[in-house]
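Comments concern the structure below.
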Amino acid sequence: MELKSLFILAISSIFINNFIFARFLGTCPYIGVSKQIDSAIGMGTAVTFVMTLASAVTWLIDFYLFEPVPANLFYRVFSLATPPDLTFLKTIAFILVIAALVQFVEMVIQKTSPALYKALGIYLPLITTNCAILGVSLLNIDLKYNFIQSVVHGLSGGLGFTVALILMAGIREKLELADIPKPLRGIPIAFVMAGLMAIAFLGFSGLKLK
Amino acid sequence: MSAFKELTKGIYAENPIFRQVIGLCPTLAVSTSIINGLGMGAAATFVLIFSNVIISMIRKIVPAKIRICIYIVVIATFVTMVDLSMAGFLPAIHKSLGIFVPLIVVNCIILARAEAFAGKNSVWLSALDGLGMGIGFTFALVLLGVIREILGSGSLLGYPILGTSFEPMLIMILPPGAFITIGLVLGFFNWLEAKRQRN
């Protein structure tokens, strides 16, 4: 039962609530890094990786430090009268955690796998200001997901982002050869294409998942 | 004269949305109606002005290597202030903007102005730059909001203006409409700029 609901969550965040086409998160790298399939795959992998990690870490921080629940560490360690509500700190804390996490991941990959670092290296610093990462962390809290659900949401959200990015890169490689009116060349036509793809993705909202 | 230029450049010549093409996520997400666009624009303008002022004040004592981290903390502080104030005073708009209020932190426009302008210029000029960019951003949001609201629901600021015979194009207020509208508007501004340069 649990597994089935996680599967439904994964499918719906890849196709129905796609981060690009339905939630508008991560649009800047979507337009910026979708010119070639190779770089789209690199960026997609890096984003998926960091989104999964960030979902896990920010959920733990929120639950054990900020939420007014009995599990709150401040409440336990300092034996306070009531669990403190520190949720107003989450925006500042999350962005710092994500920035530190990205730096950390970059260092680990650089030490352990130079080949992977070469493939992902230039995309990692860009990820800190990718709103999909902070977005998924805040959404996990807003939607009241538990730990497992948050991690699955992060992973599948990242996969959805990657699918959208690779599809777009494939189309843009073909667009290079097309005869497009001059003012629409480059970014404007990429947006119109994204709109048409979003219409296609709207079709998935008819899926009945139960 | 130059101070006036710093204020006006953000509105057309260096408009963050139409000319620099940054900060697109909130633009696409909240431009479904004019009132949402105005709310988002006002929130971002507030953060832009105050983060620019503070970053300009501390620009001489911030070590170059960790400046981005410090900028982000300053920006996040003002975003939290806006987030909590909006939740208290304007709960309806805060609810319809959703997570895009806290996401102002990662709006590229704000970090870009901190890095490209406020970190190098005086407090007064940075405040004007922030105000100008904020107005330019709000202008873009409202323009897209007007187009999408008229075509998508046949109304302006909630009042029906196109009569009963008009069949609303639902797609315009759904996500695909946002992408198509901004693509065509960007194309229009490119055409306008090319025409201006030819003359």
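As shown in the structure tokens, the chain order sets the letters A, B, ...; within each chain, residues go from 1, and ligands are also counted from 1 in the order they appear.
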Identify all chain B residues at most 7 Å from chain A by counting only C-alpha atoms; ligands do not count. Present them as a PDB file with all heavy atoms, in the first residue's frame.
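Resulting contents of selection.pdb:
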ATOM      1  N   ILE B  22      16.023  37.382 -17.394  1.00  0.00           N
ATOM      2  CA  ILE B  22      16.314  36.663 -16.154  1.00  0.00           C
ATOM      3  C   ILE B  22      15.106  36.785 -15.215  1.00  0.00           C
ATOM      4  O   ILE B  22      14.262  37.652 -15.400  1.00  0.00           O
ATOM      5  CB  ILE B  22      17.590  37.180 -15.439  1.00  0.00           C
ATOM      6  CG1 ILE B  22      17.527  38.695 -15.233  1.00  0.00           C
ATOM      7  CG2 ILE B  22      18.831  36.785 -16.187  1.00  0.00           C
ATOM      8  CD1 ILE B  22      18.700  39.259 -14.464  1.00  0.00           C
ATOM      9  N   LEU B  24      12.687  34.392 -14.640  1.00  0.00           N
ATOM     10  CA  LEU B  24      11.494  34.020 -15.400  1.00  0.00           C
ATOM     11  C   LEU B  24      10.487  33.187 -14.627  1.00  0.00           C
ATOM     12  O   LEU B  24       9.301  33.228 -14.921  1.00  0.00           O
ATOM     13  CB  LEU B  24      11.928  33.246 -16.642  1.00  0.00           C
ATOM     14  CG  LEU B  24      12.728  34.102 -17.602  1.00  0.00           C
ATOM     15  CD1 LEU B  24      13.448  33.217 -18.590  1.00  0.00           C
ATOM     16  CD2 LEU B  24      11.832  35.074 -18.319  1.00  0.00           C
ATOM     17  N   CYS B  25      10.960  32.400 -13.644  1.00  0.00           N
ATOM     18  CA  CYS B  25      10.025  31.481 -12.976  1.00  0.00           C
ATOM     19  C   CYS B  25       8.834  32.213 -12.373  1.00  0.00           C
ATOM     20  O   CYS B  25       7.689  31.872 -12.664  1.00  0.00           O
ATOM     21  CB  CYS B  25      10.735  30.663 -11.914  1.00  0.00           C
ATOM     22  SG  CYS B  25      12.144  29.799 -12.554  1.00  0.00           S
ATOM     23  N   LEU B  28       6.458  33.674 -15.117  1.00  0.00           N
ATOM     24  CA  LEU B  28       5.532  32.746 -15.755  1.00  0.00           C
ATOM     25  C   LEU B  28       4.424  32.352 -14.797  1.00  0.00           C
ATOM     26  O   LEU B  28       3.259  32.235 -15.174  1.00  0.00           O
ATOM     27  CB  LEU B  28       6.284  31.494 -16.193  1.00  0.00           C
ATOM     28  CG  LEU B  28       7.268  31.693 -17.338  1.00  0.00           C
ATOM     29  CD1 LEU B  28       8.198  30.514 -17.437  1.00  0.00           C
ATOM     30  CD2 LEU B  28       6.512  31.878 -18.633  1.00  0.00           C
ATOM     31  N   ALA B  29       4.791  32.152 -13.520  1.00  0.00           N
ATOM     32  CA  ALA B  29       3.839  31.546 -12.594  1.00  0.00           C
ATOM     33  C   ALA B  29       2.780  32.522 -12.114  1.00  0.00           C
ATOM     34  O   ALA B  29       1.631  32.142 -11.941  1.00  0.00           O
ATOM     35  CB  ALA B  29       4.581  30.964 -11.401  1.00  0.00           C
ATOM     36  N   VAL B  73      22.374  35.849   2.213  1.00  0.00           N
ATOM     37  CA  VAL B  73      21.810  35.990   3.564  1.00  0.00           C
ATOM     38  C   VAL B  73      21.052  37.313   3.680  1.00  0.00           C
ATOM     39  O   VAL B  73      19.938  37.368   4.218  1.00  0.00           O
ATOM     40  CB  VAL B  73      22.911  35.892   4.634  1.00  0.00           C
ATOM     41  CG1 VAL B  73      22.325  36.135   6.011  1.00  0.00           C
ATOM     42  CG2 VAL B  73      23.561  34.539   4.588  1.00  0.00           C
ATOM     43  N   ALA B  76      17.829  36.945   1.742  1.00  0.00           N
ATOM     44  CA  ALA B  76      16.891  36.036   2.411  1.00  0.00           C
ATOM     45  C   ALA B  76      16.233  36.716   3.613  1.00  0.00           C
ATOM     46  O   ALA B  76      15.057  36.474   3.909  1.00  0.00           O
ATOM     47  CB  ALA B  76      17.612  34.765   2.843  1.00  0.00           C
ATOM     48  N   THR B  77      16.987  37.587   4.290  1.00  0.00           N
ATOM     49  CA  THR B  77      16.405  38.297   5.436  1.00  0.00           C
ATOM     50  C   THR B  77      15.241  39.171   4.988  1.00  0.00           C
ATOM     51  O   THR B  77      14.150  39.138   5.583  1.00  0.00           O
ATOM     52  CB  THR B  77      17.484  39.176   6.090  1.00  0.00           C
ATOM     53  OG1 THR B  77      18.633  38.386   6.304  1.00  0.00           O
ATOM     54  CG2 THR B  77      16.997  39.747   7.397  1.00  0.00           C
ATOM     55  N   THR B  80      12.229  37.098   3.952  1.00  0.00           N
ATOM     56  CA  THR B  80      11.456  36.602   5.095  1.00  0.00           C
ATOM     57  C   THR B  80      10.561  37.710   5.644  1.00  0.00           C
ATOM     58  O   THR B  80       9.391  37.470   5.978  1.00  0.00           O
ATOM     59  CB  THR B  80      12.411  36.092   6.185  1.00  0.00           C
ATOM     60  OG1 THR B  80      13.290  35.155   5.601  1.00  0.00           O
ATOM     61  CG2 THR B  80      11.649  35.424   7.307  1.00  0.00           C
ATOM     62  N   PRO B 102       8.536  33.106  -0.891  1.00  0.00           N
ATOM     63  CA  PRO B 102       9.875  32.737  -0.408  1.00  0.00           C
ATOM     64  C   PRO B 102      10.876  32.503  -1.534  1.00  0.00           C
ATOM     65  O   PRO B 102      12.074  32.708  -1.347  1.00  0.00           O
ATOM     66  CB  PRO B 102       9.636  31.449   0.398  1.00  0.00           C
ATOM     67  CG  PRO B 102       8.257  31.017   0.114  1.00  0.00           C
ATOM     68  CD  PRO B 102       7.498  32.219  -0.310  1.00  0.00           C
ATOM     69  N   LEU B 103      10.397  32.134  -2.710  1.00  0.00           N
ATOM     70  CA  LEU B 103      11.332  31.870  -3.816  1.00  0.00           C
ATOM     71  C   LEU B 103      11.926  33.138  -4.407  1.00  0.00           C
ATOM     72  O   LEU B 103      12.773  33.049  -5.299  1.00  0.00           O
ATOM     73  CB  LEU B 103      10.651  31.053  -4.912  1.00  0.00           C
ATOM     74  CG  LEU B 103      10.524  29.558  -4.626  1.00  0.00           C
ATOM     75  CD1 LEU B 103       9.843  28.857  -5.771  1.00  0.00           C
ATOM     76  CD2 LEU B 103      11.872  28.927  -4.377  1.00  0.00           C
ATOM     77  N   VAL B 106      15.763  33.156  -4.612  1.00  0.00           N
ATOM     78  CA  VAL B 106      16.562  32.633  -5.721  1.00  0.00           C
ATOM     79  C   VAL B 106      16.184  33.291  -7.048  1.00  0.00           C
ATOM     80  O   VAL B 106      16.546  32.789  -8.104  1.00  0.00           O
ATOM     81  CB  VAL B 106      16.448  31.097  -5.840  1.00  0.00           C
ATOM     82  CG1 VAL B 106      17.297  30.434  -4.794  1.00  0.00           C
ATOM     83  CG2 VAL B 106      15.029  30.640  -5.748  1.00  0.00           C
ATOM     84  N   PRO B 175      -0.824  26.862 -17.564  1.00  0.00           N
ATOM     85  CA  PRO B 175       0.619  26.993 -17.800  1.00  0.00           C
ATOM     86  C   PRO B 175       1.040  27.194 -19.263  1.00  0.00           C
ATOM     87  O   PRO B 175       1.873  28.070 -19.529  1.00  0.00           O
ATOM     88  CB  PRO B 175       1.186  25.703 -17.216  1.00  0.00           C
ATOM     89  CG  PRO B 175       0.246  25.339 -16.140  1.00  0.00           C
ATOM     90  CD  PRO B 175      -1.107  25.781 -16.594  1.00  0.00           C
ATOM     91  N   PRO B 176       0.495  26.453 -20.249  1.00  0.00           N
ATOM     92  CA  PRO B 176       0.986  26.652 -21.622  1.00  0.00           C
ATOM     93  C   PRO B 176       0.833  28.094 -22.093  1.00  0.00           C
ATOM     94  O   PRO B 176       1.692  28.619 -22.801  1.00  0.00           O
ATOM     95  CB  PRO B 176       0.108  25.712 -22.451  1.00  0.00           C
ATOM     96  CG  PRO B 176      -0.365  24.689 -21.499  1.00  0.00           C
ATOM     97  CD  PRO B 176      -0.513  25.375 -20.189  1.00  0.00           C
ATOM     98  N   GLY B 177      -0.264  28.750 -21.691  1.00  0.00           N
ATOM     99  CA  GLY B 177      -0.488  30.138 -22.092  1.00  0.00           C
ATOM    100  C   GLY B 177       0.632  31.052 -21.630  1.00  0.00           C
ATOM    101  O   GLY B 177       1.012  31.997 -22.330  1.00  0.00           O
ATOM    102  N   PHE B 179       3.851  30.284 -21.225  1.00  0.00           N
ATOM    103  CA  PHE B 179       5.032  30.119 -22.074  1.00  0.00           C
ATOM    104  C   PHE B 179       4.828  30.800 -23.422  1.00  0.00           C
ATOM    105  O   PHE B 179       5.699  31.523 -23.912  1.00  0.00           O
ATOM    106  CB  PHE B 179       5.319  28.633 -22.299  1.00  0.00           C
ATOM    107  CG  PHE B 179       5.908  27.929 -21.111  1.00  0.00           C
ATOM    108  CD1 PHE B 179       5.166  27.019 -20.388  1.00  0.00           C
ATOM    109  CD2 PHE B 179       7.210  28.180 -20.725  1.00  0.00           C
ATOM    110  CE1 PHE B 179       5.713  26.359 -19.294  1.00  0.00           C
ATOM    111  CE2 PHE B 179       7.769  27.526 -19.640  1.00  0.00           C
ATOM    112  CZ  PHE B 179       7.012  26.613 -18.922  1.00  0.00           C
ATOM    113  N   ILE B 180       3.648  30.568 -24.038  1.00  0.00           N
ATOM    114  CA  ILE B 180       3.425  31.105 -25.377  1.00  0.00           C
ATOM    115  C   ILE B 180       3.374  32.629 -25.333  1.00  0.00           C
ATOM    116  O   ILE B 180       3.986  33.304 -26.156  1.00  0.00           O
ATOM    117  CB  ILE B 180       2.139  30.492 -25.975  1.00  0.00           C
ATOM    118  CG1 ILE B 180       2.355  28.988 -26.176  1.00  0.00           C
ATOM    119  CG2 ILE B 180       1.784  31.157 -27.293  1.00  0.00           C
ATOM    120  CD1 ILE B 180       1.127  28.226 -26.601  1.00  0.00           C
ATOM    121  N   ILE B 182       4.768  34.739 -23.161  1.00  0.00           N
ATOM    122  CA  ILE B 182       6.061  35.391 -22.942  1.00  0.00           C
ATOM    123  C   ILE B 182       6.954  35.232 -24.166  1.00  0.00           C
ATOM    124  O   ILE B 182       7.689  36.158 -24.535  1.00  0.00           O
ATOM    125  CB  ILE B 182       6.752  34.914 -21.646  1.00  0.00           C
ATOM    126  CG1 ILE B 182       7.819  35.932 -21.255  1.00  0.00           C
ATOM    127  CG2 ILE B 182       7.360  33.547 -21.783  1.00  0.00           C
ATOM    128  CD1 ILE B 182       8.431  35.739 -19.922  1.00  0.00           C
ATOM    129  N   GLY B 183       6.859  34.088 -24.871  1.00  0.00           N
ATOM    130  CA  GLY B 183       7.641  33.916 -26.093  1.00  0.00           C
ATOM    131  C   GLY B 183       7.298  34.971 -27.127  1.00  0.00           C
ATOM    132  O   GLY B 183       8.180  35.624 -27.685  1.00  0.00           O
ATOM    133  N   LEU B 184       5.986  35.187 -27.345  1.00  0.00           N
ATOM    134  CA  LEU B 184       5.573  36.153 -28.364  1.00  0.00           C
ATOM    135  C   LEU B 184       5.898  37.579 -27.936  1.00  0.00           C
ATOM    136  O   LEU B 184       6.311  38.403 -28.759  1.00  0.00           O
ATOM    137  CB  LEU B 184       4.082  35.983 -28.660  1.00  0.00           C
ATOM    138  CG  LEU B 184       3.724  34.624 -29.285  1.00  0.00           C
ATOM    139  CD1 LEU B 184       2.225  34.510 -29.514  1.00  0.00           C
ATOM    140  CD2 LEU B 184       4.467  34.408 -30.590  1.00  0.00           C
ATOM    141  N   LEU B 186       8.375  38.527 -25.966  1.00  0.00           N
ATOM    142  CA  LEU B 186       9.826  38.685 -26.144  1.00  0.00           C
ATOM    143  C   LEU B 186      10.162  38.930 -27.613  1.00  0.00           C
ATOM    144  O   LEU B 186      10.984  39.785 -27.934  1.00  0.00           O
ATOM    145  CB  LEU B 186      10.567  37.435 -25.664  1.00  0.00           C
ATOM    146  CG  LEU B 186      10.865  37.293 -24.181  1.00  0.00           C
ATOM    147  CD1 LEU B 186      11.466  35.932 -23.912  1.00  0.00           C
ATOM    148  CD2 LEU B 186      11.809  38.377 -23.733  1.00  0.00           C
ATOM    149  N   GLY B 187       9.501  38.167 -28.496  1.00  0.00           N
ATOM    150  CA  GLY B 187       9.701  38.362 -29.926  1.00  0.00           C
ATOM    151  C   GLY B 187       9.331  39.771 -30.342  1.00  0.00           C
ATOM    152  O   GLY B 187      10.046  40.423 -31.098  1.00  0.00           O
ATOM    153  N   ASN B 190      12.012  42.167 -29.261  1.00  0.00           N
ATOM    154  CA  ASN B 190      13.175  42.039 -30.144  1.00  0.00           C
ATOM    155  C   ASN B 190      12.949  42.792 -31.440  1.00  0.00           C
ATOM    156  O   ASN B 190      13.831  43.481 -31.954  1.00  0.00           O
ATOM    157  CB  ASN B 190      13.439  40.560 -30.480  1.00  0.00           C
ATOM    158  CG  ASN B 190      14.149  39.850 -29.355  1.00  0.00           C
ATOM    159  OD1 ASN B 190      14.619  40.483 -28.424  1.00  0.00           O
ATOM    160  ND2 ASN B 190      14.204  38.538 -29.434  1.00  0.00           N
ATOM    161  N   TRP B 191      11.725  42.669 -31.985  1.00  0.00           N
ATOM    162  CA  TRP B 191      11.375  43.326 -33.244  1.00  0.00           C
ATOM    163  C   TRP B 191      11.443  44.844 -33.065  1.00  0.00           C
ATOM    164  O   TRP B 191      11.996  45.568 -33.888  1.00  0.00           O
ATOM    165  CB  TRP B 191       9.966  42.886 -33.639  1.00  0.00           C
ATOM    166  CG  TRP B 191       9.420  43.576 -34.832  1.00  0.00           C
ATOM    167  CD1 TRP B 191       9.735  43.334 -36.137  1.00  0.00           C
ATOM    168  CD2 TRP B 191       8.454  44.625 -34.838  1.00  0.00           C
ATOM    169  NE1 TRP B 191       9.021  44.173 -36.951  1.00  0.00           N
ATOM    170  CE2 TRP B 191       8.228  44.977 -36.178  1.00  0.00           C
ATOM    171  CE3 TRP B 191       7.756  45.300 -33.834  1.00  0.00           C
ATOM    172  CZ2 TRP B 191       7.342  45.981 -36.546  1.00  0.00           C
ATOM    173  CZ3 TRP B 191       6.870  46.292 -34.198  1.00  0.00           C
ATOM    174  CH2 TRP B 191       6.673  46.626 -35.535  1.00  0.00           C
TER     175      TRP B 191
END
So which residues of chain B fall under strand (DSSP E) by DSSP, listed as a list in words?
-> Ser155, Leu156, Tyr159 and Pro160 of chain B
Residues of the last selection are to be written out with all heavy atoms, as a short mmCIF file (atom, residue, chain, number, x, y, z; two decimals), in the first residue's frame.
data_model
loop_
_atom_site.label_atom_id
_atom_site.label_comp_id
_atom_site.auth_asym_id
_atom_site.auth_seq_id
_atom_site.Cartn_x
_atom_site.Cartn_y
_atom_site.Cartn_z
N SER B 155 -11.64 39.43 -18.65
CA SER B 155 -11.88 40.49 -17.67
C SER B 155 -10.60 41.28 -17.44
O SER B 155 -9.52 40.90 -17.87
CB SER B 155 -12.36 39.89 -16.35
OG SER B 155 -11.36 39.06 -15.81
N LEU B 156 -10.74 42.44 -16.76
CA LEU B 156 -9.60 43.28 -16.43
C LEU B 156 -9.75 43.65 -14.97
O LEU B 156 -10.77 44.22 -14.58
CB LEU B 156 -9.60 44.53 -17.32
CG LEU B 156 -8.26 45.21 -17.53
CD1 LEU B 156 -7.25 44.27 -18.16
CD2 LEU B 156 -8.44 46.44 -18.41
N TYR B 159 -13.10 42.73 -13.49
CA TYR B 159 -14.36 43.19 -14.10
C TYR B 159 -14.46 42.67 -15.52
O TYR B 159 -13.54 42.87 -16.32
CB TYR B 159 -14.43 44.72 -14.12
CG TYR B 159 -14.42 45.32 -12.75
CD1 TYR B 159 -13.27 45.91 -12.25
CD2 TYR B 159 -15.56 45.29 -11.95
CE1 TYR B 159 -13.24 46.45 -10.96
CE2 TYR B 159 -15.54 45.82 -10.68
CZ TYR B 159 -14.37 46.40 -10.18
OH TYR B 159 -14.36 46.92 -8.92
N PRO B 160 -15.57 42.02 -15.89
CA PRO B 160 -15.71 41.53 -17.27
C PRO B 160 -15.77 42.72 -18.24
O PRO B 160 -16.52 43.67 -18.00
CB PRO B 160 -17.02 40.74 -17.25
CG PRO B 160 -17.72 41.13 -16.01
CD PRO B 160 -16.72 41.68 -15.05
#
Tell me, as a list in words, which residues lie within 8 Å of segment 11-19 of chain B, counting only C-alpha atoms; anything in the same chain fewer than 5 positions away does not count.
->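 The residues that qualify are Leu24, Ile109, Gly132, Met133, Ile135, Gly136, Phe137, Phe139, Ala140, Leu186 and Phe189 of chain B.
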Have a look at B:Gly39, B:Pro168, B:Gly23, B:Pro91 and name the one nearest to Val142 of chain B; count only C-alpha atoms.
->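 Closest residue, counting only C-alpha atoms: B:Gly39.
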Can you pull out every residue within 10 Å of Thr45 of chain A, counting only C-alpha atoms, but drop anything in the same chain fewer than 6 positions away, and send it as a PyMOL selection string?
-> chain A and resi 39+51+119-120+123+158-159+161-162
May I have the selected residues written with N, CA, C and O atoms, as an mmCIF file, in the first residue's frame?
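Once everything was written out, this is out-v9.cif:
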data_model
loop_
_atom_site.group_PDB
_atom_site.id
_atom_site.type_symbol
_atom_site.label_atom_id
_atom_site.label_comp_id
_atom_site.auth_asym_id
_atom_site.auth_seq_id
_atom_site.Cartn_x
_atom_site.Cartn_y
_atom_site.Cartn_z
ATOM 1 N N SER A 39 24.660 18.569 -22.912
ATOM 2 C CA SER A 39 24.654 19.416 -21.727
ATOM 3 C C SER A 39 23.331 19.293 -20.984
ATOM 4 O O SER A 39 23.288 19.428 -19.763
ATOM 5 N N MET A 51 18.592 17.714 -5.973
ATOM 6 C CA MET A 51 17.204 17.829 -5.488
ATOM 7 C C MET A 51 16.878 16.721 -4.494
ATOM 8 O O MET A 51 16.233 16.951 -3.474
ATOM 9 N N ALA A 119 32.043 15.973 -16.181
ATOM 10 C CA ALA A 119 30.744 16.034 -16.845
ATOM 11 C C ALA A 119 29.794 17.011 -16.144
ATOM 12 O O ALA A 119 29.050 17.732 -16.798
ATOM 13 N N LEU A 120 29.799 17.017 -14.799
ATOM 14 C CA LEU A 120 28.817 17.824 -14.063
ATOM 15 C C LEU A 120 29.382 19.135 -13.549
ATOM 16 O O LEU A 120 28.633 20.041 -13.179
ATOM 17 N N TYR A 123 28.042 22.622 -14.115
ATOM 18 C CA TYR A 123 26.628 22.857 -13.814
ATOM 19 C C TYR A 123 26.374 23.011 -12.332
ATOM 20 O O TYR A 123 25.404 23.631 -11.931
ATOM 21 N N GLY A 158 13.138 15.779 -9.945
ATOM 22 C CA GLY A 158 14.362 15.941 -10.723
ATOM 23 C C GLY A 158 14.298 15.172 -12.034
ATOM 24 O O GLY A 158 14.718 15.674 -13.079
ATOM 25 N N LEU A 159 13.722 13.959 -11.982
ATOM 26 C CA LEU A 159 13.591 13.173 -13.221
ATOM 27 C C LEU A 159 12.667 13.887 -14.204
ATOM 28 O O LEU A 159 12.942 13.932 -15.408
ATOM 29 N N PHE A 161 12.164 17.073 -14.428
ATOM 30 C CA PHE A 161 12.948 18.200 -14.953
ATOM 31 C C PHE A 161 13.872 17.720 -16.067
ATOM 32 O O PHE A 161 13.965 18.338 -17.130
ATOM 33 N N THR A 162 14.544 16.562 -15.816
ATOM 34 C CA THR A 162 15.475 16.025 -16.812
ATOM 35 C C THR A 162 14.747 15.640 -18.100
ATOM 36 O O THR A 162 15.224 15.942 -19.199
#
Within 12 Å of Phe49 of chain A, counting only C-alpha atoms, which residues show up once you throw out same-chain ones fewer than 4 positions away? Write them as a list in words, please.
->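 Listing them by chain and then by number gives Gly42, Met43, Gly44, Thr45, Leu53, Ala54, Ser55, Ala56, Leu101, Val102, Val105, Glu106, Ile109, Leu120, Tyr123, Leu124, Ile127, Ile133, Val151, Val152, Gly154, Leu155, Ser156, Gly157, Gly158, Leu159, Phe161 and Thr162 of chain A.
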Can those selected residues be exported to a file as a short mmCIF file (atom, residue, chain, number, x, y, z; two decimals), in the first residue's frame so that it contains N, CA, C and O atoms?
data_model
loop_
_atom_site.label_atom_id
_atom_site.label_comp_id
_atom_site.auth_asym_id
_atom_site.auth_seq_id
_atom_site.Cartn_x
_atom_site.Cartn_y
_atom_site.Cartn_z
N GLY A 42 23.73 16.36 -18.68
CA GLY A 42 24.59 16.72 -17.55
C GLY A 42 23.85 17.54 -16.53
O GLY A 42 23.86 17.23 -15.33
N MET A 43 23.17 18.59 -16.99
CA MET A 43 22.44 19.47 -16.08
C MET A 43 21.32 18.70 -15.38
O MET A 43 21.12 18.85 -14.18
N GLY A 44 20.59 17.87 -16.15
CA GLY A 44 19.49 17.11 -15.57
C GLY A 44 19.97 16.18 -14.46
O GLY A 44 19.36 16.11 -13.39
N THR A 45 21.09 15.49 -14.71
CA THR A 45 21.62 14.58 -13.69
C THR A 45 22.01 15.35 -12.44
O THR A 45 21.68 14.95 -11.32
N LEU A 53 19.04 14.97 -2.61
CA LEU A 53 19.79 15.22 -1.37
C LEU A 53 19.18 16.37 -0.58
O LEU A 53 18.99 16.27 0.64
N ALA A 54 18.86 17.47 -1.28
CA ALA A 54 18.33 18.65 -0.60
C ALA A 54 16.99 18.34 0.05
O ALA A 54 16.71 18.80 1.16
N SER A 55 16.14 17.54 -0.64
CA SER A 55 14.85 17.17 -0.04
C SER A 55 15.07 16.47 1.29
O SER A 55 14.40 16.78 2.28
N ALA A 56 16.01 15.51 1.30
CA ALA A 56 16.26 14.75 2.52
C ALA A 56 16.79 15.66 3.62
O ALA A 56 16.26 15.68 4.74
N LEU A 101 25.46 22.49 0.64
CA LEU A 101 25.33 21.15 0.08
C LEU A 101 25.94 21.06 -1.31
O LEU A 101 26.66 20.11 -1.64
N VAL A 102 25.65 22.09 -2.13
CA VAL A 102 26.17 22.09 -3.50
C VAL A 102 27.70 22.14 -3.48
O VAL A 102 28.37 21.38 -4.20
N VAL A 105 28.95 18.66 -2.34
CA VAL A 105 28.81 17.66 -3.41
C VAL A 105 29.91 17.88 -4.45
O VAL A 105 30.55 16.93 -4.91
N GLU A 106 30.16 19.16 -4.76
CA GLU A 106 31.18 19.47 -5.76
C GLU A 106 32.54 18.95 -5.30
O GLU A 106 33.28 18.34 -6.07
N ILE A 109 32.65 15.01 -5.35
CA ILE A 109 32.76 14.46 -6.71
C ILE A 109 34.15 14.72 -7.27
O ILE A 109 34.75 13.85 -7.91
N LEU A 120 29.80 17.02 -14.80
CA LEU A 120 28.82 17.82 -14.06
C LEU A 120 29.38 19.14 -13.55
O LEU A 120 28.63 20.04 -13.18
N TYR A 123 28.04 22.62 -14.11
CA TYR A 123 26.63 22.86 -13.81
C TYR A 123 26.37 23.01 -12.33
O TYR A 123 25.40 23.63 -11.93
N LEU A 124 27.25 22.40 -11.50
CA LEU A 124 26.97 22.38 -10.07
C LEU A 124 26.86 23.78 -9.45
O LEU A 124 25.89 24.04 -8.74
N ILE A 127 23.54 25.50 -9.74
CA ILE A 127 22.36 24.88 -9.17
C ILE A 127 21.88 25.60 -7.91
O ILE A 127 20.69 25.59 -7.61
N ILE A 133 15.31 23.64 -6.69
CA ILE A 133 15.86 23.01 -5.48
C ILE A 133 15.20 23.58 -4.23
O ILE A 133 14.65 22.85 -3.40
N VAL A 151 11.76 12.50 -0.11
CA VAL A 151 12.88 12.04 -0.93
C VAL A 151 12.37 11.60 -2.30
O VAL A 151 12.95 11.95 -3.34
N VAL A 152 11.25 10.85 -2.31
CA VAL A 152 10.69 10.40 -3.60
C VAL A 152 10.26 11.60 -4.43
O VAL A 152 10.50 11.66 -5.64
N GLY A 154 11.55 14.62 -4.33
CA GLY A 154 12.75 15.26 -4.85
C GLY A 154 13.31 14.51 -6.04
O GLY A 154 13.62 15.10 -7.08
N LEU A 155 13.42 13.19 -5.91
CA LEU A 155 13.99 12.36 -6.98
C LEU A 155 13.13 12.43 -8.24
O LEU A 155 13.62 12.69 -9.34
N SER A 156 11.80 12.24 -8.07
CA SER A 156 10.96 12.19 -9.26
C SER A 156 10.79 13.58 -9.86
O SER A 156 10.68 13.73 -11.08
N GLY A 157 10.79 14.61 -9.01
CA GLY A 157 10.76 15.98 -9.54
C GLY A 157 11.97 16.25 -10.41
O GLY A 157 11.87 16.83 -11.49
N GLY A 158 13.14 15.78 -9.95
CA GLY A 158 14.36 15.94 -10.72
C GLY A 158 14.30 15.17 -12.03
O GLY A 158 14.72 15.67 -13.08
N LEU A 159 13.72 13.96 -11.98
CA LEU A 159 13.59 13.17 -13.22
C LEU A 159 12.67 13.89 -14.20
O LEU A 159 12.94 13.93 -15.41
N PHE A 161 12.16 17.07 -14.43
CA PHE A 161 12.95 18.20 -14.95
C PHE A 161 13.87 17.72 -16.07
O PHE A 161 13.96 18.34 -17.13
N THR A 162 14.54 16.56 -15.82
CA THR A 162 15.48 16.03 -16.81
C THR A 162 14.75 15.64 -18.10
O THR A 162 15.22 15.94 -19.20
#
Pick out the residues sitting within 9 Å of Asp62 of chain A, and hand them over as a list in words; count only C-alpha atoms, and ignore anything fewer than 4 positions along from it in its own chain.
->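 Residues meeting the cut-off are Val57, Thr58, Phe66, Glu67, Leu86, Thr87, Lys90, Phe94 and Ile141 of chain A.
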Restricting it to N, CA and C atoms, dump the selection as a compact mmCIF listing (two decimals), in the first residue's frame.
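Result went into again26.txt, see below:
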# COMPACT_ATOMS: atom_id res chain seq x y z
N VAL A 57 17.82 16.46 3.30
CA VAL A 57 18.48 17.26 4.34
C VAL A 57 17.54 18.35 4.88
N THR A 58 16.86 19.06 3.98
CA THR A 58 16.01 20.15 4.47
C THR A 58 14.81 19.60 5.26
N PHE A 66 12.93 23.07 13.46
CA PHE A 66 12.04 24.22 13.34
C PHE A 66 10.59 23.94 13.71
N GLU A 67 10.08 22.74 13.42
CA GLU A 67 8.66 22.48 13.63
C GLU A 67 8.34 22.37 15.13
N LEU A 86 9.94 27.58 15.05
CA LEU A 86 10.98 28.38 14.38
C LEU A 86 10.81 28.34 12.86
N THR A 87 9.61 28.02 12.38
CA THR A 87 9.45 27.82 10.94
C THR A 87 9.73 29.09 10.13
N LYS A 90 12.87 29.15 7.95
CA LYS A 90 13.19 28.12 6.96
C LYS A 90 13.74 28.67 5.65
N PHE A 94 17.22 27.18 4.62
CA PHE A 94 17.25 26.27 3.48
C PHE A 94 18.23 26.74 2.41
N ILE A 141 7.49 20.78 2.65
CA ILE A 141 6.97 21.22 3.94
C ILE A 141 5.50 21.64 3.79
